[in-house]
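Asks: Input start_19.txt, format and content: compact mmCIF, C-alpha atoms.
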```
# COMPACT_ATOMS: atom_id res chain seq x y z
CA MET A 1262 127.21 39.69 -0.16
CA ALA A 1263 129.08 40.55 2.91
CA LEU A 1264 130.21 37.71 5.08
CA PRO A 1265 130.59 38.50 8.76
CA LEU A 1266 134.08 37.04 8.82
CA ALA A 1267 137.00 38.42 6.87
CA PRO A 1268 138.62 35.97 4.46
CA GLY A 1269 141.43 33.94 5.86
CA LEU A 1270 142.00 32.34 9.22
CA THR A 1271 141.70 34.11 12.55
CA PRO A 1272 144.59 33.79 15.00
CA SER A 1273 142.74 31.22 17.10
CA GLU A 1274 142.06 29.10 14.03
CA VAL A 1275 145.72 29.26 13.10
CA ALA A 1276 146.64 28.21 16.63
CA PHE A 1277 144.14 25.37 16.47
CA LEU A 1278 145.78 24.04 13.34
CA CYS A 1279 149.15 24.46 14.98
CA GLU A 1280 148.08 22.14 17.78
CA MET A 1281 147.97 19.28 15.27
CA GLU A 1282 151.74 19.51 14.79
CA LEU A 1283 153.70 16.62 16.22
CA VAL A 1284 156.12 17.33 19.05
CA THR A 1285 158.42 14.93 20.82
CA VAL A 1286 157.30 13.88 24.25
CA ILE A 1287 159.38 12.19 26.95
CA PRO A 1288 156.77 10.27 28.93
CA ARG A 1289 156.76 9.42 32.60
CA GLN A 1290 153.85 7.02 32.43
CA ARG A 1291 152.84 4.39 29.93
CA LEU A 1292 149.80 4.99 27.82
CA PRO A 1293 148.27 2.71 25.19
CA SER A 1294 147.62 3.93 21.71
CA LEU A 1295 144.46 6.01 21.40
CA GLU A 1296 142.06 5.78 18.46
CA LEU A 1297 141.58 9.38 17.41
CA LEU A 1298 139.95 10.88 14.35
CA ALA A 1299 143.33 11.74 12.90
CA GLY A 1300 144.43 8.13 13.34
CA PRO A 1301 145.89 6.16 16.23
CA THR A 1302 148.47 7.93 18.38
CA ALA A 1303 151.79 6.30 19.06
CA ARG A 1304 152.01 3.97 22.04
CA VAL A 1305 153.73 5.73 24.93
CA GLU A 1306 156.31 3.71 26.90
CA PRO A 1307 158.22 5.61 29.64
CA PRO A 1308 161.84 6.06 28.66
CA PHE A 1309 161.31 6.42 24.93
CA PRO A 1310 160.64 9.80 23.29
CA THR A 1311 157.46 9.62 21.25
CA PRO A 1312 155.94 12.01 18.70
CA LEU A 1313 152.48 13.19 19.78
CA PRO A 1314 150.22 16.02 18.60
CA LEU A 1315 150.89 19.28 20.39
CA TRP A 1316 147.47 19.53 22.07
CA PHE A 1317 147.87 16.04 23.49
CA ALA A 1318 151.40 16.73 24.59
CA LEU A 1319 150.30 19.91 26.37
CA LEU A 1320 147.53 17.97 28.12
CA LEU A 1321 149.96 15.32 29.35
CA LYS A 1322 152.37 18.06 30.37
CA ARG A 1323 149.69 19.81 32.42
CA GLN A 1324 148.88 16.53 34.17
CA ARG A 1325 152.58 16.06 34.84
CA ARG A 1326 152.62 12.81 32.94
CA ALA A 1327 155.18 13.81 30.35
CA ASN A 1328 157.87 16.31 29.44
CA ILE A 1329 158.08 17.94 26.03
CA SER A 1330 161.46 18.10 24.38
CA PRO A 1331 161.57 21.33 22.37
CA PRO A 1332 162.39 21.09 18.66
CA PRO A 1333 166.01 21.76 17.67
CA TRP A 1334 165.21 25.10 16.02
CA LEU A 1335 163.93 26.37 19.36
CA SER A 1336 167.36 26.29 20.96
CA VAL A 1337 169.45 29.34 21.80
CA GLU A 1338 172.13 28.50 19.20
CA SER A 1339 169.70 27.92 16.35
CA LEU A 1340 167.62 30.99 17.13
CA THR A 1341 170.75 33.14 17.35
CA ALA A 1342 171.92 31.83 13.99
CA ILE A 1343 168.50 32.46 12.42
CA LEU A 1344 168.36 35.93 13.94
CA ASP A 1345 171.81 36.68 12.51
CA PHE A 1346 170.58 35.58 9.13
CA GLU A 1347 167.51 37.79 9.40
CA THR A 1348 169.42 40.88 10.48
CA ASP A 1349 172.26 40.48 7.98
CA ASP A 1350 172.34 43.22 5.38
CA ARG A 1351 173.00 40.80 2.57
CA THR A 1352 169.84 38.86 3.24
CA ALA A 1353 167.70 41.90 3.99
CA GLY A 1354 165.20 41.04 1.28
CA VAL A 1355 164.45 37.44 2.20
CA PHE A 1356 163.15 35.50 5.15
CA THR A 1357 164.83 32.52 6.70
CA PRO A 1358 164.16 29.73 4.24
CA ALA A 1359 161.62 27.23 5.50
CA SER A 1360 162.71 23.68 6.12
CA PRO A 1361 163.51 21.89 2.87
CA LEU A 1362 160.64 19.93 1.46
CA PRO A 1363 160.96 16.19 1.72
CA THR A 1364 162.19 14.70 -1.52
CA SER A 1365 159.43 14.00 -3.90
CA THR A 1366 158.06 10.52 -3.62
CA THR A 1367 156.28 10.79 -6.91
CA GLU A 1368 156.99 7.92 -9.18
CA PRO A 1369 155.49 7.50 -12.58
CA TYR A 1370 152.42 5.41 -12.06
CA MET A 1371 151.50 4.27 -15.48
CA ASP A 1372 148.65 1.99 -14.76
CA ARG A 1373 146.95 3.79 -11.89
CA ASP A 1374 145.47 7.20 -11.34
CA PRO A 1375 148.24 9.15 -9.62
CA TYR A 1376 145.75 11.37 -7.81
CA LEU A 1377 144.31 8.47 -5.91
CA ASP A 1378 147.64 7.14 -4.73
CA SER A 1379 148.73 8.40 -1.36
CA LYS A 1380 152.37 7.86 -2.32
CA SER A 1381 152.19 10.37 -5.13
CA LEU A 1382 151.36 13.26 -2.81
CA GLU A 1383 154.05 15.78 -2.10
CA SER A 1384 153.90 17.40 1.30
CA SER A 1385 154.36 21.13 1.66
CA PRO A 1386 154.68 23.39 4.72
CA PRO A 1387 151.56 22.93 6.83
CA PHE A 1388 151.70 19.17 6.38
CA ILE A 1389 155.35 18.34 6.92
CA ILE A 1390 155.43 15.63 9.56
CA ASP A 1391 158.68 16.25 11.39
CA SER A 1392 158.82 20.04 11.41
CA SER A 1393 158.62 20.43 15.18
CA THR A 1394 159.67 17.10 16.66
CA ALA A 1395 163.15 16.38 17.96
CA ARG A 1396 164.04 15.29 14.43
CA ALA A 1397 163.27 18.67 12.88
CA PRO A 1398 166.09 20.55 11.15
CA GLY A 1399 167.73 23.11 13.42
CA ASP A 1400 168.36 25.80 10.85
CA ALA A 1401 164.87 26.49 9.54
CA LEU A 1402 161.68 27.88 11.00
CA PRO A 1403 158.60 25.77 10.28
CA TYR A 1404 155.28 27.18 9.16
CA HIS A 1405 153.84 27.33 12.68
CA TRP A 1406 156.98 28.57 14.42
CA LEU A 1407 155.48 31.57 16.17
CA GLU A 1408 152.41 29.86 17.67
CA LEU A 1409 154.29 26.71 18.56
CA SER A 1410 157.13 28.48 20.31
CA HIS A 1411 154.66 30.67 22.18
CA LEU A 1412 152.60 27.69 23.38
CA LEU A 1413 155.67 25.72 24.40
CA LEU A 1414 157.25 28.67 26.17
CA THR A 1415 154.05 29.38 28.06
CA HIS A 1416 153.03 25.89 29.07
CA ALA A 1417 156.27 23.94 29.11
CA ALA A 1418 158.81 26.59 30.06
CA ASP A 1419 160.58 24.27 32.51
CA ASP A 1420 161.50 21.88 29.68
CA PHE A 1421 163.76 24.50 28.09
CA VAL A 1422 167.39 24.85 29.05
CA ASP A 1423 167.19 28.63 29.06
CA ALA A 1424 163.58 29.64 28.57
CA ASP A 1425 164.10 33.37 29.12
CA THR A 1426 166.79 33.69 26.46
CA VAL A 1427 164.71 31.64 24.03
CA ARG A 1428 161.70 33.84 24.74
CA ARG A 1429 163.72 36.97 24.12
CA LEU A 1430 165.15 35.59 20.88
CA VAL A 1431 161.71 34.57 19.62
CA ARG A 1432 160.41 38.05 20.34
CA ASP A 1433 163.35 39.66 18.55
CA LEU A 1434 162.85 37.36 15.61
CA ARG A 1435 159.18 38.24 15.40
CA GLU A 1436 159.90 41.94 15.39
CA VAL A 1437 162.65 41.71 12.80
CA ARG A 1438 160.51 39.63 10.49
CA MET A 1439 157.49 41.86 10.93
CA SER A 1440 159.47 44.94 9.93
CA LYS A 1441 160.76 43.04 6.93
CA LEU A 1442 157.24 42.16 5.90
CA ARG A 1443 156.31 45.82 6.23
CA LYS A 1444 159.15 46.85 3.97
CA GLY A 1445 157.91 44.24 1.51
CA PHE A 1446 154.58 46.07 1.28
CA GLY A 1447 156.32 48.67 -0.89
CA VAL A 1448 156.36 46.35 -3.88
CA LEU A 1449 152.64 45.58 -3.77
CA ASP A 1450 151.06 46.34 -7.10
CA ALA A 1451 147.90 45.70 -9.04
CA GLY A 1452 149.24 42.78 -10.97
CA ALA A 1453 152.40 42.04 -9.06
CA GLY A 1454 152.96 39.03 -6.88
CA VAL A 1455 154.72 39.33 -3.57
CA LYS A 1456 157.22 36.66 -2.72
CA MET A 1457 156.68 35.73 0.90
CA ASN A 1458 158.58 32.47 1.14
CA GLY A 1459 159.23 31.35 4.67
CA VAL A 1460 156.57 33.52 6.30
CA GLY A 1461 154.74 31.77 9.11
CA ALA A 1462 151.03 31.14 9.50
CA MET A 1463 150.49 33.68 12.27
CA GLU A 1464 152.41 36.33 10.36
CA ILE A 1465 150.17 35.75 7.37
CA ALA A 1466 147.08 36.01 9.56
CA GLU A 1467 148.36 39.34 10.78
CA VAL A 1468 148.98 40.99 7.42
CA ARG A 1469 146.37 39.31 5.25
CA GLY A 1470 143.70 41.98 5.70
CA PHE A 1471 146.07 44.76 4.81
CA VAL A 1472 147.82 43.11 1.86
CA GLY A 1473 144.52 41.93 0.43
CA GLY A 1474 143.01 45.38 0.77
CA VAL A 1475 145.93 47.10 -0.92
CA VAL A 1476 146.08 44.71 -3.85
CA ASP A 1477 142.32 44.91 -4.28
CA GLY A 1478 142.34 48.71 -4.19
CA LEU A 1479 145.15 48.88 -6.73
CA ARG A 1480 143.39 46.41 -8.96
CA LYS A 1481 140.26 48.53 -8.96
CA LEU A 1482 142.19 51.67 -9.89
CA ASN A 1483 143.92 49.84 -12.71
CA LYS A 1484 140.77 48.26 -14.03
CA SER A 1485 140.19 50.75 -16.81
CA ARG A 1486 143.73 50.47 -18.05
CA GLU A 1487 143.60 46.72 -17.78
CA GLU A 1488 140.43 46.59 -19.79
CA SER A 1489 141.71 48.79 -22.58
CA ARG A 1490 144.86 46.69 -22.72
CA ARG A 1491 142.79 43.55 -22.97
CA GLU A 1492 140.69 45.00 -25.74
CA ARG A 1493 143.79 46.04 -27.62
CA GLU A 1494 145.29 42.60 -27.27
CA LEU A 1495 142.09 41.02 -28.44
CA GLU A 1496 142.07 43.24 -31.50
CA GLU A 1497 145.69 42.48 -32.27
CA ARG A 1498 145.05 38.81 -31.88
CA GLU A 1499 142.08 38.90 -34.16
CA SER A 1500 143.82 40.95 -36.82
CA GLY A 1501 147.03 38.96 -36.51
CA MET A 1502 145.92 35.40 -36.33
CA GLY A 1503 142.40 35.50 -37.59
CA ARG A 1504 139.81 34.31 -35.15
CA GLY A 1505 141.51 33.44 -31.87
CA GLY A 1506 139.51 30.99 -29.84
CA TYR A 1507 140.74 32.12 -26.45
CA PRO A 1508 138.26 32.05 -23.63
CA ASP A 1509 137.68 35.45 -22.09
CA ASP A 1510 139.04 34.99 -18.61
CA ASP A 1511 137.01 37.36 -16.51
CA ASP A 1512 138.57 37.44 -13.07
CA ASP A 1513 136.79 40.50 -11.78
CA ASP A 1514 135.13 38.62 -8.95
CA MET A 1515 138.36 37.13 -7.67
CA GLN A 1516 138.99 37.76 -4.02
CA LEU A 1517 142.24 37.47 -2.20
CA MET B 403 130.18 46.32 -8.92
CA ALA B 404 128.05 44.30 -6.63
CA TYR B 405 124.36 44.96 -6.42
CA PHE B 406 124.07 44.45 -2.68
CA SER B 407 127.25 46.18 -1.67
CA PRO B 408 126.71 49.38 0.34
CA THR B 409 130.14 50.48 -0.83
CA SER B 410 129.15 50.58 -4.46
CA ILE B 411 125.76 52.11 -3.69
CA LEU B 412 127.39 54.93 -1.74
CA THR B 413 130.03 55.35 -4.42
CA ASP B 414 127.26 55.66 -6.99
CA ALA B 415 125.53 58.36 -4.96
CA GLN B 416 128.43 60.82 -5.21
CA LYS B 417 127.76 63.96 -7.20
CA VAL B 418 129.24 64.67 -10.61
CA PRO B 419 128.82 67.94 -12.53
CA CYS B 420 126.63 67.52 -15.59
CA THR B 421 125.62 69.95 -18.33
CA PHE B 422 122.28 69.43 -20.04
CA GLU B 423 122.32 69.49 -23.85
CA LEU B 424 118.58 69.80 -24.23
CA ALA B 425 115.76 71.46 -22.38
CA VAL B 426 113.98 68.84 -20.31
CA PRO B 427 110.86 70.32 -18.75
CA HIS B 428 109.83 67.07 -17.07
CA LEU B 429 113.00 66.79 -15.00
CA LYS B 430 112.21 69.99 -13.10
CA PRO B 431 112.37 68.33 -9.66
CA LEU B 432 116.07 67.69 -10.20
CA ASN B 433 116.73 71.41 -10.24
CA SER B 434 114.61 72.01 -7.14
CA GLY B 435 111.64 73.17 -9.15
CA SER B 436 113.22 75.59 -11.63
CA SER B 437 113.25 74.66 -15.28
CA ILE B 438 116.13 72.85 -16.96
CA ASP B 439 117.21 74.43 -20.22
CA GLN B 440 119.96 73.77 -22.67
CA GLY B 441 123.27 74.48 -20.92
CA THR B 442 121.97 74.20 -17.36
CA LYS B 443 124.66 72.86 -15.05
CA LEU B 444 123.68 70.53 -12.24
CA ASP B 445 125.44 68.26 -9.79
CA LEU B 446 123.85 64.86 -10.26
CA PRO B 447 124.56 61.53 -8.63
CA LEU B 448 126.96 59.37 -10.56
CA TRP B 449 124.39 56.75 -11.48
CA MET B 450 121.98 59.31 -12.89
CA GLY B 451 124.72 61.17 -14.70
CA GLU B 452 125.76 57.93 -16.35
CA MET B 453 122.20 57.23 -17.38
CA LEU B 454 121.75 60.65 -18.94
CA ALA B 455 125.15 60.93 -20.55
CA LEU B 456 125.67 57.40 -21.84
CA ASP B 457 122.29 56.77 -23.43
CA THR B 458 123.20 55.10 -26.69
CA HIS B 459 119.75 55.02 -28.25
CA THR B 460 119.30 58.73 -28.65
CA ASP B 461 121.58 61.71 -28.43
CA PRO B 462 122.73 62.09 -24.84
CA LEU B 463 120.65 64.39 -22.72
CA ALA B 464 123.61 65.68 -20.79
CA THR B 465 127.39 65.56 -20.71
CA MET B 466 129.42 64.67 -17.66
CA GLU B 467 132.54 66.44 -16.52
CA MET B 468 135.35 65.45 -14.23
CA PRO B 469 134.31 66.30 -10.64
CA THR B 470 136.50 68.81 -8.83
CA ALA B 471 137.63 66.04 -6.48
CA LEU B 472 139.56 64.58 -9.41
CA GLY B 473 140.43 67.92 -10.97
CA GLN B 474 143.83 69.20 -11.93
CA ARG B 475 144.38 70.97 -8.64
CA VAL B 476 143.89 67.84 -6.56
CA MET B 477 146.01 65.81 -8.97
CA ASN B 478 148.85 68.31 -8.66
CA ALA B 479 148.59 68.27 -4.88
CA LEU B 480 148.68 64.47 -4.88
CA ARG B 481 151.70 64.50 -7.15
CA ALA B 482 153.48 66.88 -4.81
CA ASP B 483 152.75 65.11 -1.55
CA ALA B 484 150.18 62.34 -1.44
CA LYS B 485 150.17 62.07 2.32
CA SER B 486 149.23 65.64 3.10
CA VAL B 487 146.03 65.78 1.03
CA ASP B 488 142.73 65.48 2.86
CA LEU B 489 141.05 62.98 0.54
CA ARG B 490 137.93 62.83 2.65
CA ALA B 491 137.27 66.50 2.00
CA GLN B 492 137.42 65.81 -1.75
CA ALA B 493 135.04 62.85 -1.79
CA GLN B 494 133.98 60.26 0.74
CA TRP B 495 134.69 57.40 -1.60
CA PHE B 496 137.51 59.07 -3.43
CA TYR B 497 139.05 55.99 -5.01
CA GLY B 498 135.65 54.57 -5.90
CA LEU B 499 134.80 57.80 -7.69
CA GLY B 500 138.18 57.73 -9.39
CA GLU B 501 137.63 54.19 -10.52
CA ARG B 502 134.24 54.98 -12.05
CA MET B 503 135.41 58.18 -13.71
CA LEU B 504 138.46 56.48 -15.18
CA PHE B 505 136.09 54.01 -16.70
CA LEU B 506 134.32 56.82 -18.53
CA PHE B 507 137.29 59.07 -19.29
CA GLU B 508 140.38 57.08 -20.06
CA ASP B 509 143.29 58.91 -18.53
CA ASP B 510 146.54 57.04 -18.12
CA GLU B 511 148.13 59.84 -16.18
CA MET B 512 145.38 59.86 -13.60
CA VAL B 513 145.68 56.09 -13.16
CA ASP B 514 149.36 56.62 -12.38
CA VAL B 515 148.72 59.44 -9.93
CA LEU B 516 145.96 57.58 -8.10
CA THR B 517 147.93 54.33 -7.96
CA ASN B 518 150.98 56.08 -6.55
CA THR B 519 148.84 57.96 -4.05
CA PHE B 520 147.16 54.79 -2.89
CA LYS B 521 150.48 52.99 -2.48
CA LYS B 522 152.13 55.78 -0.56
CA ARG B 523 149.19 56.30 1.72
CA ALA B 524 148.72 52.56 2.27
CA HIS B 525 152.22 52.42 3.66
CA GLU B 526 151.42 55.20 6.06
CA ILE B 527 148.14 53.53 7.01
CA ALA B 528 149.97 50.32 7.90
CA ASP B 529 152.23 52.23 10.26
CA LYS B 530 149.41 54.20 11.84
CA ALA B 531 147.20 51.12 12.27
CA GLN B 532 149.97 49.36 14.13
CA ASN B 533 150.21 52.05 16.76
CA THR B 534 146.98 53.90 17.38
CA ARG B 535 148.04 55.66 20.52
CA GLY B 536 149.09 58.76 18.61
CA VAL B 537 145.69 58.79 16.90
CA GLN B 538 143.73 58.57 20.11
CA GLN B 539 145.71 61.28 21.81
CA GLY B 540 145.26 63.55 18.85
CA GLY B 541 148.90 63.73 17.89
CA ASP B 542 150.04 65.02 14.54
CA SER B 543 149.00 61.76 12.90
CA ASN B 544 145.41 62.63 13.64
CA ASP B 545 145.08 64.85 10.59
CA PHE B 546 146.18 62.09 8.32
CA VAL B 547 143.75 59.53 9.71
CA MET B 548 140.84 61.97 9.61
CA GLY B 549 141.63 62.67 5.96
CA LEU B 550 141.37 59.04 4.87
CA ASP B 551 138.65 58.25 2.38
CA GLU B 552 136.31 55.33 3.13
CA THR B 553 138.33 52.73 1.23
CA GLU B 554 141.39 53.70 3.21
CA ARG B 555 139.40 53.63 6.43
CA LEU B 556 138.37 50.05 5.74
CA LEU B 557 142.00 49.24 5.08
CA PHE B 558 143.02 50.94 8.31
CA ARG B 559 140.41 49.07 10.25
CA SER B 560 141.20 45.62 8.85
CA SER B 561 144.89 46.17 9.40
CA HIS B 562 144.32 47.37 12.95
CA GLU B 563 141.90 44.57 13.76
CA SER B 564 144.15 41.77 12.58
CA THR B 565 147.03 43.15 14.62
CA GLN B 566 144.77 43.35 17.65
CA ALA B 567 143.44 39.82 17.09
CA VAL B 568 146.95 38.39 17.03
CA LYS B 569 147.85 40.35 20.13
CA LYS B 570 144.73 39.12 21.87
CA TRP B 571 145.48 35.51 21.02
CA PHE B 572 148.95 35.85 22.53
CA GLU B 573 147.45 37.26 25.71
CA THR B 574 144.64 34.73 26.14
CA SER B 575 146.83 31.74 25.33
CA SER B 576 149.39 32.75 27.93
CA ARG B 577 146.73 32.88 30.62
CA ALA B 578 145.08 29.50 30.15
```
Is it possible to give me this structure as structure tokens?

Replies:
Amino acid sequence: MALPLAPGLTPSEVAFLCEMELVTVIPRQRLPSLELLAGPTARVEPPFPTPLPLWFALLLKRQRRANISPPPWLSVESLTAILDFETDDRTAGVFTPASPLPTSTTEPYMDRDPYLDSKSLESSPPFIIDSSTARAPGDALPYHWLELSHLLLTHAADDFVDADTVRRLVRDLREVRMSKLRKGFGVLDAGAGVKMNGVGAMEIAEVRGFVGGVVDGLRKLNKSREESRRERELEERESGMGRGGYPDDDDDDMQL
Amino acid sequence: MAYFSPTSILTDAQKVPCTFELAVPHLKPLNSGSSIDQGTKLDLPLWMGEMLALDTHTDPLATMEMPTALGQRVMNALRADAKSVDLRAQAQWFYGLGERMLFLFEDDEMVDVLTNTFKKRAHEIADKAQNTRGVQQGGDSNDFVMGLDETERLLFRSSHESTQAVKKWFETSSRA
């Protein structure tokens, strides 16, 4: 049955999620810790930089109660270096690697259920804590780089050293990466996976409809071949090893 | 194939040439009132053709043939230059028809041709969807977009809409 919404997140949903990212705020006023659904916020004490969620930081910024210090990767030097990496011929096939994952904290828990232990969780891109605060690495773009840099450049432009250059570099970066993604469409195939490491959330939202449609169309065209191959394999398996007890994985209803 | 999907219903309604093997006097209405004898050729909807040709209980009433949309001429044209063929003129749901026919007639070569066509044209669609100005002004890209089959149109639209949605978010968020 047709759902009114296409699968995947819309740009505003992506931006909403991006507003949960922590950014570093340099406060001008003190503010006690607030009890929010996502947990208590840090206590704000004037001279000390504090990590706060982006939406809250933007609110304080609009009320002139705080300044936002942009993450290190949003500086002219870092962006130029990343742009060089993206435009280099030798790295034409890959995107700037995302920030390295924090080292695994998983330890062998023998006596407890590891799934229930918060320490055994490994964080991956959307949930990395320090990807956009002042402690973020300067040489990697986080998952929400495009939305975050746009929001910061629009609402906190005076906190940048050279906002116009940063804006230009971000725009260049977006265009270079988009054309790379487009070139990557050439390898789409019925059964092939596309490696899109380091692609940001907004970029995914932009190409999801197209990539999904192409893969789905190719899958449909290859269905007959796929089915005959499966039948052949089943026959070989049965003649070769007697009765194979493999479950028939029917993934026809799978949607991207 | 989903029961409630208009796509598959419309795909099913496309005509396929069928040849009757037996005289069937009671199916006269199909041939607009004239009698159906052995060897009568009729264009029947895909779903009916399948019913008549794939009846396993008795001898099939009719045999199905490859529709001209998927015939050798079209295949050769697609092999030569996939982007210049007007797929819409061949069949509205060209790829859907291809998918169903490949199910009935196994043809590895046709799978290859259709897959390559789809890939090549998808690339072009992505480019056209990004910049629709040429399409609106009726530039030379117009022919290509008018010749898209329905599957490709959906692809074009989803690609165009997601680009527009992102653009719109950038605009609205800079205003507030």

Asks: With a distance cut-off of 10 Å and only C-alpha atoms, select the neighbouring residues of region 1321-1338 of chain A, excluding the residue or stretch itself and same-chain residues fewer than 3 positions from it, and output the selection as number ranges by chain.

Replies: A: 1284-1292, 1305, 1307, 1310-1313, 1315-1318, 1341-1344, 1391-1403, 1406, 1409-1410, 1413-1414, 1416-1431

Asks: Residues within 8 Å of Phe496 (chain B), please, as a ChimeraX atom specification. Count all atoms listed in the file; anything in the same chain fewer than 2 positions from it doesn't count.

Replies: /B:471,489-490,492-494,498-500,551-553

Asks: Between B:Val487, B:Ala464, B:Phe406, B:Glu452, which one has atoms that come closest to chain A, using all atoms listed in the file?

Replies: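 Checking each of B:Val487, B:Ala464, B:Phe406, B:Glu452 against chain A, counting all atoms listed in the file, the winner is B:Phe406.
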
Asks: Would you compute the distance between CA of Leu1442 (chain A) and CA of Asp483 (chain B)? Give it in Å to one decimal.

Replies: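 CA of Asp483 (chain B) lies at a distance of 24.5 Å from CA of Leu1442 (chain A).
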
Asks: Could you list the residues in chain A lying within 8 Å of chain B, using all atoms listed in the file, and format the result as a list in words?

Replies: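 The selection requested is Met1262, Ala1263, Thr1271, Pro1272, Ser1273, His1411, Leu1412, Thr1415, His1416, Arg1443, Phe1446, Gly1447, Leu1449, Met1463, Ala1466, Glu1467, Val1468, Gly1470, Phe1471, Gly1474, Val1475, Gly1478, Leu1479, Lys1481, Leu1482, Asn1483, Lys1484, Ser1485 and Arg1486 of chain A.
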
Asks: From (149.3, 65.9, 4.2), in the file's coordinates, out to 12 Å: which residues are reached, counting all atoms listed in the file? Answer as a PDB file with C-alpha atoms, in the coordinates of the input.

Replies:
```
ATOM      1  CA  ALA B 479     148.590  68.270  -4.880  1.00  0.00           C
ATOM      2  CA  LEU B 480     148.680  64.470  -4.880  1.00  0.00           C
ATOM      3  CA  ARG B 481     151.700  64.500  -7.150  1.00  0.00           C
ATOM      4  CA  ALA B 482     153.480  66.880  -4.810  1.00  0.00           C
ATOM      5  CA  ASP B 483     152.750  65.110  -1.550  1.00  0.00           C
ATOM      6  CA  ALA B 484     150.180  62.340  -1.440  1.00  0.00           C
ATOM      7  CA  LYS B 485     150.170  62.070   2.320  1.00  0.00           C
ATOM      8  CA  SER B 486     149.230  65.640   3.100  1.00  0.00           C
ATOM      9  CA  VAL B 487     146.030  65.780   1.030  1.00  0.00           C
ATOM     10  CA  ASP B 488     142.730  65.480   2.860  1.00  0.00           C
ATOM     11  CA  LEU B 489     141.050  62.980   0.540  1.00  0.00           C
ATOM     12  CA  ARG B 490     137.930  62.830   2.650  1.00  0.00           C
ATOM     13  CA  THR B 519     148.840  57.960  -4.050  1.00  0.00           C
ATOM     14  CA  LYS B 522     152.130  55.780  -0.560  1.00  0.00           C
ATOM     15  CA  ARG B 523     149.190  56.300   1.720  1.00  0.00           C
ATOM     16  CA  GLU B 526     151.420  55.200   6.060  1.00  0.00           C
ATOM     17  CA  ASP B 542     150.040  65.020  14.540  1.00  0.00           C
ATOM     18  CA  SER B 543     149.000  61.760  12.900  1.00  0.00           C
ATOM     19  CA  ASN B 544     145.410  62.630  13.640  1.00  0.00           C
ATOM     20  CA  ASP B 545     145.080  64.850  10.590  1.00  0.00           C
ATOM     21  CA  PHE B 546     146.180  62.090   8.320  1.00  0.00           C
ATOM     22  CA  VAL B 547     143.750  59.530   9.710  1.00  0.00           C
ATOM     23  CA  MET B 548     140.840  61.970   9.610  1.00  0.00           C
ATOM     24  CA  GLY B 549     141.630  62.670   5.960  1.00  0.00           C
ATOM     25  CA  LEU B 550     141.370  59.040   4.870  1.00  0.00           C
TER      26      LEU B 550
END
```

Asks: Given the point (125.5, 65.1, -23.9) in the file's coordinates, find the residues that have an atom at most 9 Å from it, counting all atoms listed in the file, and give them as a list in words.

Replies: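 Within the cut-off we find Cys420, Thr421, Phe422, Glu423, Leu424, Leu454, Ala455, Leu456, Asp457, Asp461, Pro462, Leu463, Ala464, Thr465 and Met466 of chain B.
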
Asks: Rounded to one decimal in Å, what is the spacing between CA of Ser1440 (chain A) and CA of Val1476 (chain A)?

Replies: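 So the two atoms, CA of Ser1440 (chain A) and CA of Val1476 (chain A), lie 19.2 Å apart.
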